[in-house]
$ cat model_22.txt   # compact mmCIF, C-alpha atoms and all ligand atoms
# COMPACT_ATOMS: atom_id res chain seq x y z
CA MET M 508 0.00 0.00 0.00
CA ASP M 509 0.94 3.65 -0.44
CA ALA M 510 3.05 5.09 2.42
CA ARG M 511 0.27 7.41 3.66
CA LEU M 512 -2.14 4.49 3.90
CA GLU M 513 0.47 2.33 5.60
CA ALA M 514 0.92 5.08 8.19
CA VAL M 515 -2.81 5.10 8.95
CA TYR M 516 -2.79 1.31 9.17
CA GLU M 517 0.26 1.32 11.50
CA GLU M 518 -1.57 3.74 13.79
CA ALA M 519 -4.61 1.45 13.76
CA LEU M 520 -2.41 -1.50 14.72
CA LYS M 521 -1.00 0.49 17.61
CA ARG M 522 -4.41 1.58 18.81
CA ASN M 523 -5.96 -1.87 18.44
CA PRO M 524 -3.30 -4.39 19.45
CA THR M 525 -4.32 -8.03 19.87
CA GLN M 526 -7.35 -7.57 17.61
CA PRO M 527 -6.41 -9.76 14.62
CA GLU M 528 -9.89 -10.05 13.06
CA PHE M 529 -10.46 -6.30 13.25
CA GLN M 530 -7.02 -5.59 11.80
CA GLN M 531 -7.72 -8.05 8.98
CA ALA M 532 -11.04 -6.41 8.09
CA VAL M 533 -9.48 -2.93 8.11
CA ARG M 534 -6.53 -4.02 5.97
CA GLU M 535 -8.83 -5.65 3.41
CA VAL M 536 -10.89 -2.49 3.00
CA MET M 537 -7.83 -0.24 2.86
CA GLU M 538 -6.05 -2.34 0.25
CA SER M 539 -9.02 -2.49 -2.05
CA LEU M 540 -9.68 1.24 -1.65
CA GLU M 541 -6.16 2.40 -2.43
CA PRO M 542 -6.92 3.97 -5.84
CA LEU M 543 -10.06 5.67 -4.51
CA LEU M 544 -8.44 7.00 -1.34
CA LEU M 545 -5.46 8.40 -3.18
CA SER M 546 -7.61 10.10 -5.79
CA ARG M 547 -9.91 11.83 -3.33
CA ARG M 548 -8.17 14.84 -1.77
CA ASP M 549 -11.25 15.62 0.33
CA TYR M 550 -11.05 12.20 1.96
CA GLN M 551 -7.43 12.79 2.90
CA ASP M 552 -8.01 16.37 4.08
CA SER M 553 -10.83 15.36 6.38
CA ALA M 554 -9.09 12.27 7.82
CA ILE M 555 -12.07 10.23 6.72
CA LEU M 556 -10.30 6.89 6.91
CA GLU M 557 -8.92 7.58 10.39
CA ARG M 558 -12.44 8.47 11.54
CA ILE M 559 -14.21 5.55 9.88
CA ILE M 560 -11.98 2.93 11.51
CA GLU M 561 -12.61 4.35 14.99
CA PRO M 562 -15.96 3.22 16.47
CA GLU M 563 -18.24 6.03 17.65
CA ARG M 564 -18.85 4.15 20.90
CA GLN M 565 -17.77 0.82 22.40
CA ILE M 566 -19.76 -0.72 25.20
CA MET M 567 -18.52 -3.69 27.23
CA PHE M 568 -20.36 -5.02 30.22
CA ARG M 569 -20.65 -7.83 32.74
CA VAL M 570 -23.50 -10.27 32.30
CA ALA M 571 -24.13 -12.23 35.51
CA TRP M 572 -26.84 -14.90 35.48
CA GLN M 573 -27.78 -18.10 37.30
CA ASP M 574 -27.73 -21.53 35.66
CA ASP M 575 -30.21 -24.33 36.40
CA ASP M 576 -28.18 -25.37 39.46
CA ASN M 577 -28.39 -21.80 40.79
CA LYS M 578 -24.68 -21.39 40.18
CA VAL M 579 -23.73 -17.82 39.31
CA ARG M 580 -22.14 -17.54 35.87
CA VAL M 581 -20.36 -14.55 34.35
CA ASN M 582 -20.05 -13.61 30.68
CA ARG M 583 -18.98 -10.49 28.88
CA GLY M 584 -21.42 -8.48 26.76
CA TYR M 585 -20.52 -6.13 23.89
CA ARG M 586 -22.20 -3.54 21.73
CA ILE M 587 -20.03 -1.65 19.27
CA GLN M 588 -21.88 1.38 17.90
CA PHE M 589 -19.58 1.86 14.99
CA ASN M 590 -21.10 4.42 12.66
CA SER M 591 -24.44 6.26 12.69
CA THR M 592 -23.93 8.47 9.64
CA LEU M 593 -26.66 6.88 7.54
CA GLY M 594 -29.12 5.98 10.29
CA PRO M 595 -29.47 4.22 13.64
CA TYR M 596 -26.74 1.68 14.38
CA LYS M 597 -27.88 -1.63 12.93
CA GLY M 598 -26.44 -5.10 13.19
CA GLY M 599 -26.80 -8.42 14.88
CA LEU M 600 -25.83 -9.95 18.21
CA ARG M 601 -23.57 -13.00 18.23
CA PHE M 602 -23.58 -15.43 21.16
CA HIS M 603 -20.64 -17.79 20.77
CA PRO M 604 -17.65 -18.75 22.94
CA SER M 605 -15.27 -17.37 20.28
CA VAL M 606 -16.64 -13.83 20.69
CA THR M 607 -14.04 -11.22 21.64
CA LEU M 608 -13.82 -7.46 21.26
CA SER M 609 -11.86 -8.05 18.05
CA VAL M 610 -14.57 -10.25 16.55
CA ILE M 611 -17.37 -7.82 17.36
CA LYS M 612 -15.34 -4.89 16.02
CA PHE M 613 -14.58 -6.60 12.73
CA LEU M 614 -18.25 -7.49 12.34
CA GLY M 615 -19.34 -3.94 13.20
CA PHE M 616 -16.82 -2.46 10.79
CA GLU M 617 -18.01 -4.64 7.90
CA GLN M 618 -21.61 -3.89 8.82
CA ILE M 619 -21.11 -0.17 8.09
CA PHE M 620 -20.36 -0.81 4.42
CA LYS M 621 -22.80 -3.69 4.02
CA ASN M 622 -25.62 -1.57 5.38
CA ALA M 623 -24.63 1.35 3.16
CA LEU M 624 -24.77 -0.96 0.13
CA THR M 625 -28.38 -1.92 0.87
CA GLY M 626 -29.38 1.66 0.05
CA GLN M 627 -31.40 1.90 3.25
CA GLY M 628 -30.98 4.40 6.09
CA ILE M 629 -29.07 2.26 8.55
CA GLY M 630 -25.75 2.80 10.30
CA GLY M 631 -23.40 0.03 11.41
CA GLY M 632 -23.10 -1.77 14.73
CA LYS M 633 -22.66 -5.21 16.21
CA GLY M 634 -22.81 -6.86 19.58
CA GLY M 635 -22.84 -10.12 21.40
CA SER M 636 -21.31 -12.20 24.11
CA ASP M 637 -18.96 -15.11 24.72
CA PHE M 638 -22.00 -16.98 26.11
CA ASP M 639 -22.47 -20.40 24.48
CA PRO M 640 -26.16 -21.29 23.99
CA HIS M 641 -25.24 -24.89 23.03
CA GLY M 642 -26.09 -27.36 25.74
CA LYS M 643 -27.99 -24.75 27.77
CA SER M 644 -31.63 -25.24 28.71
CA ASP M 645 -34.30 -22.85 27.40
CA ASP M 646 -34.57 -21.42 30.91
CA GLU M 647 -30.85 -20.74 31.07
CA VAL M 648 -30.90 -19.05 27.67
CA MET M 649 -33.83 -16.93 28.86
CA ARG M 650 -32.11 -15.87 32.06
CA PHE M 651 -28.96 -15.03 30.14
CA CYS M 652 -30.91 -12.97 27.58
CA GLN M 653 -32.72 -11.11 30.36
CA ALA M 654 -29.47 -10.32 32.14
CA PHE M 655 -27.86 -9.23 28.85
CA MET M 656 -30.79 -6.94 28.02
CA MET M 657 -30.74 -5.43 31.51
CA GLU M 658 -27.62 -3.52 30.45
CA LEU M 659 -28.10 -3.39 26.65
CA SER M 660 -31.50 -1.69 27.06
CA ARG M 661 -29.76 1.53 28.18
CA HIS M 662 -28.06 1.86 24.82
CA ILE M 663 -30.64 0.86 22.19
CA GLY M 664 -33.90 2.15 20.75
CA ALA M 665 -35.80 2.18 17.44
CA ASP M 666 -34.09 5.49 16.45
CA VAL M 667 -30.81 4.80 18.23
CA ASP M 668 -29.53 1.27 17.75
CA VAL M 669 -31.46 -1.75 16.48
CA PRO M 670 -29.89 -5.17 17.21
CA ALA M 671 -30.91 -8.41 15.53
CA GLY M 672 -29.63 -11.99 15.33
CA ASP M 673 -26.35 -13.51 14.20
CA ILE M 674 -24.63 -16.78 15.16
CA GLY M 675 -26.31 -18.20 18.30
CA VAL M 676 -29.09 -15.61 18.28
CA GLY M 677 -32.27 -16.70 16.51
CA ALA M 678 -36.02 -16.40 17.03
CA ARG M 679 -35.88 -17.83 20.57
CA GLU M 680 -33.24 -15.38 21.80
CA ILE M 681 -34.84 -12.38 20.06
CA GLY M 682 -38.11 -13.29 21.82
CA TYR M 683 -36.51 -13.34 25.27
CA LEU M 684 -34.55 -10.15 24.56
CA PHE M 685 -37.64 -8.31 23.33
CA GLY M 686 -39.75 -9.45 26.28
CA GLN M 687 -37.16 -8.12 28.71
CA TYR M 688 -36.72 -4.83 26.84
CA LYS M 689 -40.47 -4.28 26.96
CA ARG M 690 -40.47 -4.88 30.70
CA ILE M 691 -37.61 -2.45 31.34
CA ALA M 692 -38.74 0.29 28.98
CA ASN M 693 -42.43 -0.10 29.80
CA ARG M 694 -43.33 0.36 26.15
CA ASN M 695 -43.95 -1.87 23.17
CA GLU M 696 -41.36 -0.43 20.85
CA ALA M 697 -41.55 -2.92 17.98
CA GLY M 698 -38.67 -1.38 16.02
CA VAL M 699 -36.07 -1.81 18.78
CA LEU M 700 -35.07 -5.29 17.56
CA THR M 701 -35.47 -7.09 14.24
CA GLY M 702 -35.82 -10.76 13.52
CA LYS M 703 -38.91 -10.87 15.75
CA ALA M 704 -41.51 -13.62 15.35
CA VAL M 705 -44.12 -12.82 12.71
CA GLY M 706 -47.00 -12.69 15.23
CA TRP M 707 -45.65 -9.63 17.07
CA GLY M 708 -43.87 -7.35 14.65
CA GLY M 709 -41.52 -9.63 12.75
CA SER M 710 -41.39 -9.45 8.97
CA LEU M 711 -42.36 -12.35 6.80
CA GLY M 712 -39.27 -13.41 4.89
CA ARG M 713 -36.70 -12.13 7.42
CA THR M 714 -35.74 -15.67 8.48
CA GLU M 715 -35.02 -16.70 4.90
CA ALA M 716 -33.53 -13.40 3.74
CA THR M 717 -29.75 -13.84 4.20
CA GLY M 718 -29.60 -17.26 2.50
CA TYR M 719 -32.13 -16.38 -0.20
CA GLY M 720 -30.34 -13.10 -0.93
CA LEU M 721 -26.99 -14.90 -1.18
CA VAL M 722 -28.24 -17.24 -3.89
CA MET M 723 -30.01 -14.40 -5.70
CA PHE M 724 -26.67 -12.54 -5.72
CA ALA M 725 -24.78 -15.59 -7.05
CA ASN M 726 -27.44 -15.94 -9.72
CA ASN M 727 -26.95 -12.30 -10.73
CA MET M 728 -23.21 -12.89 -11.00
CA LEU M 729 -23.71 -15.89 -13.26
CA ALA M 730 -26.29 -13.99 -15.33
CA GLU M 731 -23.47 -11.63 -16.38
CA ARG M 732 -22.04 -14.62 -18.24
CA GLY M 733 -25.40 -15.68 -19.64
CA ASP M 734 -25.54 -18.48 -17.05
CA SER M 735 -27.54 -19.21 -13.88
CA VAL M 736 -27.53 -21.45 -10.79
CA GLU M 737 -29.95 -23.81 -12.49
CA GLY M 738 -28.34 -27.21 -12.89
CA LYS M 739 -25.33 -26.24 -10.74
CA THR M 740 -24.04 -28.19 -7.77
CA ALA M 741 -22.93 -26.28 -4.69
CA ILE M 742 -20.84 -27.02 -1.63
CA VAL M 743 -22.18 -25.18 1.39
CA SER M 744 -20.56 -24.94 4.81
CA GLY M 745 -22.45 -24.30 8.03
CA SER M 746 -25.88 -25.59 8.97
CA GLY M 747 -27.50 -22.57 10.58
CA ASN M 748 -29.92 -19.98 9.30
CA VAL M 749 -27.80 -18.73 6.37
CA ALA M 750 -26.83 -22.20 5.09
CA THR M 751 -30.35 -23.61 5.45
CA TYR M 752 -32.07 -20.92 3.43
CA ALA M 753 -29.29 -20.65 0.86
CA ILE M 754 -29.82 -24.36 0.18
CA GLU M 755 -33.59 -23.89 0.04
CA LYS M 756 -33.35 -21.07 -2.52
CA LEU M 757 -30.76 -22.94 -4.55
CA HIS M 758 -33.12 -25.90 -4.80
CA GLN M 759 -36.05 -23.63 -5.76
CA LEU M 760 -33.95 -22.30 -8.62
CA GLY M 761 -33.00 -25.76 -9.90
CA GLY M 762 -29.55 -26.12 -8.32
CA LYS M 763 -28.36 -28.72 -5.85
CA ALA M 764 -26.46 -28.29 -2.57
CA VAL M 765 -24.54 -31.39 -1.52
CA SER M 766 -22.96 -30.47 1.82
CA ILE M 767 -23.42 -28.94 5.26
CA SER M 768 -21.09 -28.73 8.24
CA ASP M 769 -20.65 -27.77 11.88
CA SER M 770 -17.77 -27.74 14.35
CA GLY M 771 -17.87 -31.56 14.54
CA GLY M 772 -17.36 -32.15 10.83
CA SER M 773 -19.21 -32.15 7.53
CA VAL M 774 -21.81 -34.10 5.62
CA TYR M 775 -21.65 -35.01 1.95
CA ASP M 776 -25.06 -35.88 0.56
CA PRO M 777 -24.84 -36.67 -3.16
CA ASP M 778 -28.66 -36.74 -3.44
CA GLY M 779 -28.82 -33.09 -2.41
CA ILE M 780 -29.42 -31.80 1.12
CA ASP M 781 -32.94 -32.52 2.39
CA VAL M 782 -33.90 -29.09 3.73
CA ASP M 783 -36.89 -30.29 5.75
CA LEU M 784 -34.71 -32.83 7.53
CA LEU M 785 -32.03 -30.20 8.14
CA LYS M 786 -34.61 -27.82 9.64
CA LEU M 787 -35.99 -30.58 11.84
CA ILE M 788 -32.56 -31.46 13.19
CA LYS M 789 -31.25 -27.93 13.60
CA GLU M 790 -34.27 -25.77 14.38
CA VAL M 791 -36.47 -28.21 16.30
CA ARG M 792 -33.97 -30.58 17.92
CA ARG M 793 -31.04 -28.14 18.04
CA GLY M 794 -28.90 -31.12 16.96
CA ARG M 795 -25.70 -31.71 14.99
CA VAL M 796 -25.08 -32.49 11.33
CA ALA M 797 -23.89 -36.01 12.27
CA GLU M 798 -27.52 -36.77 13.14
CA TYR M 799 -28.54 -35.70 9.64
CA ALA M 800 -26.10 -38.18 8.08
CA ALA M 801 -27.25 -40.96 10.41
CA VAL M 802 -30.82 -40.89 9.07
CA ARG M 803 -30.26 -39.97 5.42
CA PRO M 804 -29.62 -42.99 3.13
CA ASN M 805 -26.62 -41.96 0.99
CA ALA M 806 -25.18 -39.21 3.15
CA GLU M 807 -21.71 -39.56 4.58
CA PHE M 808 -20.52 -37.90 7.82
CA ARG M 809 -16.90 -36.81 7.61
CA ALA M 810 -15.71 -36.21 11.17
CA GLY M 811 -13.47 -33.16 11.55
CA GLN M 812 -13.40 -32.47 7.80
CA LYS M 813 -14.29 -29.33 5.86
CA VAL M 814 -16.43 -29.39 2.69
CA TRP M 815 -14.02 -27.70 0.26
CA GLU M 816 -12.58 -30.89 -1.25
CA ILE M 817 -15.96 -31.97 -2.57
CA PRO M 818 -16.25 -31.44 -6.35
CA ALA M 819 -18.95 -28.91 -7.34
CA ASP M 820 -19.57 -25.75 -9.41
CA LEU M 821 -20.28 -23.22 -6.66
CA ALA M 822 -18.98 -22.69 -3.12
CA LEU M 823 -21.04 -20.91 -0.48
CA PRO M 824 -19.19 -20.57 2.84
CA CYS M 825 -21.97 -19.93 5.37
CA ALA M 826 -20.33 -20.84 8.69
CA THR M 827 -17.96 -18.25 10.20
CA GLN M 828 -14.91 -16.01 9.75
CA ASN M 829 -11.66 -17.43 8.35
CA GLU M 830 -13.15 -20.86 7.65
CA VAL M 831 -11.63 -20.95 4.14
CA ASP M 832 -7.86 -20.71 3.69
CA ALA M 833 -5.64 -20.51 0.62
CA ASN M 834 -5.29 -24.29 0.36
CA ASP M 835 -9.05 -24.72 0.47
CA VAL M 836 -9.43 -22.35 -2.49
CA ARG M 837 -6.70 -24.24 -4.37
CA ALA M 838 -8.69 -27.43 -3.80
CA MET M 839 -11.86 -25.72 -5.01
CA HIS M 840 -10.10 -24.48 -8.12
CA HIS M 841 -8.74 -27.94 -8.78
CA HIS M 842 -12.25 -29.40 -8.55
CA GLY M 843 -13.80 -26.89 -10.93
CA ILE M 844 -15.46 -24.36 -8.60
CA GLU M 845 -16.24 -21.27 -10.69
CA LEU M 846 -17.84 -19.01 -8.06
CA VAL M 847 -17.36 -18.34 -4.35
CA ALA M 848 -19.95 -16.17 -2.60
CA GLU M 849 -19.60 -15.41 1.11
CA GLY M 850 -22.73 -16.17 3.13
CA ALA M 851 -20.83 -15.76 6.40
CA ASN M 852 -18.97 -12.58 7.34
CA MET M 853 -15.30 -12.72 6.23
CA PRO M 854 -15.13 -16.52 5.78
CA LEU M 855 -12.15 -16.25 3.41
CA THR M 856 -8.72 -15.42 4.80
CA PRO M 857 -6.74 -12.75 2.90
CA GLY M 858 -4.63 -15.57 1.37
CA ALA M 859 -7.77 -17.37 0.22
CA ILE M 860 -9.10 -14.23 -1.50
CA GLU M 861 -5.79 -13.81 -3.27
CA VAL M 862 -5.90 -17.36 -4.63
CA ALA M 863 -9.53 -16.90 -5.75
CA GLU M 864 -8.62 -13.71 -7.60
CA ASN M 865 -5.50 -15.19 -9.21
CA SER M 866 -7.43 -18.25 -10.37
CA LYS M 867 -10.05 -16.02 -12.01
CA MET M 868 -12.89 -17.42 -9.94
CA LEU M 869 -15.92 -15.23 -9.46
CA PHE M 870 -15.72 -13.97 -5.87
CA ALA M 871 -18.41 -12.08 -3.94
CA PRO M 872 -17.54 -10.61 -0.53
CA GLY M 873 -20.04 -11.03 2.30
CA LYS M 874 -20.64 -7.28 2.53
CA ALA M 875 -22.48 -7.54 -0.78
CA ALA M 876 -23.56 -11.16 -1.01
CA ASN M 877 -25.02 -11.60 2.49
CA ALA M 878 -26.57 -8.13 2.78
CA GLY M 879 -30.07 -9.53 2.17
CA GLY M 880 -30.50 -10.30 5.86
CA VAL M 881 -29.89 -6.83 7.19
CA ALA M 882 -31.72 -5.32 4.20
CA THR M 883 -34.82 -7.28 5.21
CA SER M 884 -34.29 -6.16 8.80
CA ALA M 885 -34.59 -2.61 7.48
CA LEU M 886 -37.82 -3.65 5.75
CA GLU M 887 -38.99 -4.95 9.13
CA MET M 888 -38.18 -1.55 10.66
CA GLN M 889 -40.21 0.16 7.92
CA GLN M 890 -43.19 -2.09 8.61
CA ASN M 891 -42.93 -1.47 12.36
CA ALA M 892 -42.69 2.29 11.91
CA SER M 893 -45.79 2.37 9.72
CA LEU M 894 -47.75 -0.28 11.71
CA GLN M 895 -47.94 -2.49 8.65
CA ALA M 896 -47.25 -6.15 7.88
CA TRP M 897 -46.46 -6.88 4.26
CA PRO M 898 -47.20 -10.20 2.52
CA ALA M 899 -44.31 -12.61 1.98
CA ASP M 900 -44.21 -12.13 -1.79
CA VAL M 901 -43.94 -8.35 -1.40
CA VAL M 902 -40.95 -8.73 0.93
CA GLU M 903 -39.23 -11.27 -1.31
CA GLU M 904 -39.72 -9.09 -4.37
CA LYS M 905 -38.15 -6.15 -2.55
CA LEU M 906 -35.25 -8.37 -1.45
CA GLU M 907 -34.72 -9.46 -5.04
CA GLY M 908 -34.62 -5.83 -6.18
CA ILE M 909 -32.17 -4.88 -3.42
CA MET M 910 -29.80 -7.74 -4.27
CA GLU M 911 -29.93 -6.76 -7.94
CA ASP M 912 -29.13 -3.15 -7.06
CA ILE M 913 -26.19 -4.16 -4.86
CA HIS M 914 -24.91 -6.38 -7.64
CA SER M 915 -25.02 -3.66 -10.27
CA THR M 916 -23.59 -1.06 -7.86
CA CYS M 917 -20.60 -3.35 -7.24
CA LEU M 918 -20.01 -3.83 -10.94
CA THR M 919 -20.35 -0.18 -11.96
CA THR M 920 -18.17 1.03 -9.10
CA ALA M 921 -15.48 -1.56 -9.87
CA GLU M 922 -15.58 -0.51 -13.52
CA GLU M 923 -15.19 3.17 -12.59
CA LEU M 924 -12.17 2.32 -10.46
CA ASP M 925 -10.49 0.39 -13.24
CA ALA M 926 -11.07 -2.98 -11.59
CA PRO M 927 -13.74 -4.46 -13.87
CA GLY M 928 -15.48 -7.53 -12.49
CA ASN M 929 -13.84 -7.15 -9.05
CA TYR M 930 -16.79 -7.39 -6.64
CA MET M 931 -14.60 -6.80 -3.60
CA VAL M 932 -13.27 -3.48 -4.88
CA GLY M 933 -16.80 -2.55 -6.02
CA ALA M 934 -18.47 -3.41 -2.70
CA ASN M 935 -15.82 -1.81 -0.49
CA ALA M 936 -15.58 1.35 -2.58
CA ALA M 937 -19.33 1.86 -3.06
CA GLY M 938 -20.09 1.30 0.62
CA PHE M 939 -17.18 3.47 1.71
CA MET M 940 -18.02 6.41 -0.59
CA LYS M 941 -21.64 6.48 0.53
CA VAL M 942 -20.63 6.74 4.20
CA ALA M 943 -17.58 8.97 3.65
CA ASP M 944 -19.45 11.53 1.54
CA ALA M 945 -22.23 11.70 4.11
CA MET M 946 -19.73 12.12 6.95
CA ILE M 947 -18.10 15.04 5.16
CA GLN M 948 -21.52 16.65 4.71
CA GLN M 949 -22.19 16.22 8.43
CA GLY M 950 -18.99 18.02 9.48
CA VAL M 951 -16.17 16.96 11.75
CA VAL M 952 -17.96 14.18 13.63
N1 LIG K 1001 -26.22 -10.50 11.57
C1 LIG K 1001 -26.67 -10.22 10.23
C2 LIG K 1001 -25.54 -9.64 9.42
O1 LIG K 1001 -24.40 -10.05 9.57
C3 LIG K 1001 -27.96 -9.41 10.20
C4 LIG K 1001 -27.96 -8.15 10.98
C5 LIG K 1001 -29.33 -7.46 11.08
O2 LIG K 1001 -30.31 -7.98 10.56
O3 LIG K 1001 -29.35 -6.39 11.68
O4 LIG K 1001 -25.70 -8.82 8.56

$ encode --input "model_22.txt" --output "structure tokens"
Amino acid sequence: MDARLEAVYEEALKRNPTQPEFQQAVREVMESLEPLLLSRRDYQDSAILERIIEPERQIMFRVAWQDDDNKVRVNRGYRIQFNSTLGPYKGGLRFHPSVTLSVIKFLGFEQIFKNALTGQGIGGGKGGSDFDPHGKSDDEVMRFCQAFMMELSRHIGADVDVPAGDIGVGAREIGYLFGQYKRIANRNEAGVLTGKAVGWGGSLGRTEATGYGLVMFANNMLAERGDSVEGKTAIVSGSGNVATYAIEKLHQLGGKAVSISDSGGSVYDPDGIDVDLLKLIKEVRRGRVAEYAAVRPNAEFRAGQKVWEIPADLALPCATQNEVDANDVRAMHHHGIELVAEGANMPLTPGAIEVAENSKMLFAPGKAANAGGVATSALEMQQNASLQAWPADVVEEKLEGIMEDIHSTCLTTAEELDAPGNYMVGANAAGFMKVADAMIQQGVV
């Protein structure tokens, strides 16, 4: 990178030591923005980069709760209110033992640009806890959520900061969190959280939106070559909300997903993943992918193995950050993968992205490809604000339009910056410019 950019990055390293995921996310954006940043004098003069990488507010708090044996347990809660230039902070909550300040900051940082790309009025934020919902009873999850909201409630609001789900936070957790917020605030403020159940303010289509949007985006990419996902085979990692609904949409459009995974290993199902069975095991039983393989005739459980060696046309990493390394992408290339679209946030390591680019694979960064989830959260906010509930087909049509817009914005921006076909440059630059220009208009903030 140019010396001036390196200096800003060095400063960021100094200010944020021991935050490898955050440093990685910042570096990726800075590298892909180099031509833009150097060409825009106003960005340099107003220290826009230095400001954008510094969160507006970082909240860390103790969450004390009692387990089923009345033992007192302690976790750490986070809410990073990263950037409110375009609207209230918006982004999910992640409950997973791997959560650290670095993880939440990288997620919040990416959320700024992702949310900008959706074209809706939402800023960027993220939160969560190192609490592990796996193996906890419903009562324990409820008590944890109530304790977490006890503090979080001071910092959120429909016009201030609107959390939603992420890994480990689904309909059950959002229900408990909302119930507690309502008790504390003494008001039914529907728009304070998104991802609510449909009966009390949730939007139809929000559950499906991230996975559906991902496959719509991949389809748009292939359409540029006169192709589509129809007839294509895909390897998918993960087995949560994003993976499940990506597989469902892929099957609706005539493709076939042949894998799922979790921390225990992966499943190869040559007949195509049975989505109803997957939902039963994951959503109802809260089980593991090994159980899927045990009851599905031709499926094979591969303990401790990733999915990237399985031959296919498309790869959709939908599990978590840094799950795909350079060797995985080499294996994909070897087996004929033509497109990688990130369903998770930052699933490819920097080395993996480099290999994908050098091997001329189509690559879509999560900021663009998985933006359908948060975009539909913004649709949920619109419905809540206007006391409406739209039919499912209306929401899905809007989602389709939004994904198409993001796709064309990425391509036109990349073209303008002399990086034709580079979705990463397009997504980072388009998201960045939208926020940076607005920040300049709003003064030194
Ligand atoms: N956690 C999701 C994401 O990474 C959705 C956030 C939201 O709906 O606010 O974008």

$ residues_near_ligand --input "model_22.txt" --ligand "ligand LIG 1001 (chain K)" --cutoff "6 Å" --atoms "all atoms listed in the file" --output "compact mmCIF listing (two decimals) with C-alpha atoms, in the coordinates of the input"
# COMPACT_ATOMS: atom_id res chain seq x y z
CA LYS M 597 -27.88 -1.63 12.93
CA GLY M 598 -26.44 -5.10 13.19
CA GLY M 599 -26.80 -8.42 14.88
CA PRO M 670 -29.89 -5.17 17.21
CA ALA M 671 -30.91 -8.41 15.53
CA GLY M 672 -29.63 -11.99 15.33
CA ASP M 673 -26.35 -13.51 14.20
CA ALA M 878 -26.57 -8.13 2.78
CA GLY M 880 -30.50 -10.30 5.86
CA VAL M 881 -29.89 -6.83 7.19
CA SER M 884 -34.29 -6.16 8.80

$ closest_residue --input "model_22.txt" --among "M:Phe808, M:Tyr683, M:Trp707, M:Tyr752" --to "Gly771 (chain M)" --atoms "all atoms listed in the file"
M:Phe808

$ closest_residue --input "model_22.txt" --among "M:Gly811, M:Gly738, M:Gly642, M:Gly664" --to "Val699 (chain M)" --atoms "only C-alpha atoms"
M:Gly664

$ closest_residue --input "model_22.txt" --among "M:Glu907, M:Glu528, M:Glu755, M:Glu845" --to "Leu614 (chain M)" --atoms "all atoms listed in the file"
M:Glu528

$ closest_residue --input "model_22.txt" --among "M:Pro777, M:Leu760, M:Val749, M:Leu544" --to "Asn726 (chain M)" --atoms "only C-alpha atoms"
M:Leu760

$ atom_distance --input "model_22.txt" --atom1 "CA of Leu721 (chain M)" --atom2 "CA of Ala876 (chain M)"
5.1 Å

$ residues_around --input "model_22.txt" --residues "Gly631 (chain M)" --least-positions-apart "4" --cutoff "6 Å" --atoms "only C-alpha atoms" --output "PyMOL selection string"
chain M and resi 589-590+596-597+615+618-619

$ closest_residue --input "model_22.txt" --among "M:Cys652, M:Met868, M:Ala800, M:Ala741" --to "Tyr688 (chain M)" --atoms "only C-alpha atoms"
M:Cys652

$ atom_distance --input "model_22.txt" --atom1 "CA of Tyr930 (chain M)" --atom2 "CA of Glu911 (chain M)"
13.2 Å

$ residues_near_point --input "model_22.txt" --point "(-27.0, -2.5, 20.8)" --cutoff "8 Å" --atoms "only C-alpha atoms" --output "list in words"
Arg586, Ile587, Gln588, Tyr596, Lys597, Leu600, Gly632, Lys633, Gly634, Leu659, Ser660, His662, Ile663, Asp668, Val669 and Pro670 of chain M

$ closest_residue --input "model_22.txt" --among "M:Arg809, M:Asn695, M:Ser539, M:Ser591" --to "Ala623 (chain M)" --atoms "only C-alpha atoms"
M:Ser591

$ atom_distance --input "model_22.txt" --atom1 "CA of Gly794 (chain M)" --atom2 "CA of Ser770 (chain M)"
11.9 Å

$ residues_near_point --input "model_22.txt" --point "(-20.2, -12.9, 31.0)" --cutoff "8 Å" --atoms "only C-alpha atoms" --output "list in words"
Phe568, Arg569, Val570, Ala571, Arg580, Val581, Asn582, Arg583, Gly584, Ser636, Asp637 and Phe638 of chain M

$ residues_around --input "model_22.txt" --residues "Glu830 (chain M)" --least-positions-apart "3" --cutoff "8 Å" --atoms "all atoms listed in the file" --output "list in words"
Pro824, Ala826, Thr827, Pro854, Leu855 and Thr856 of chain M
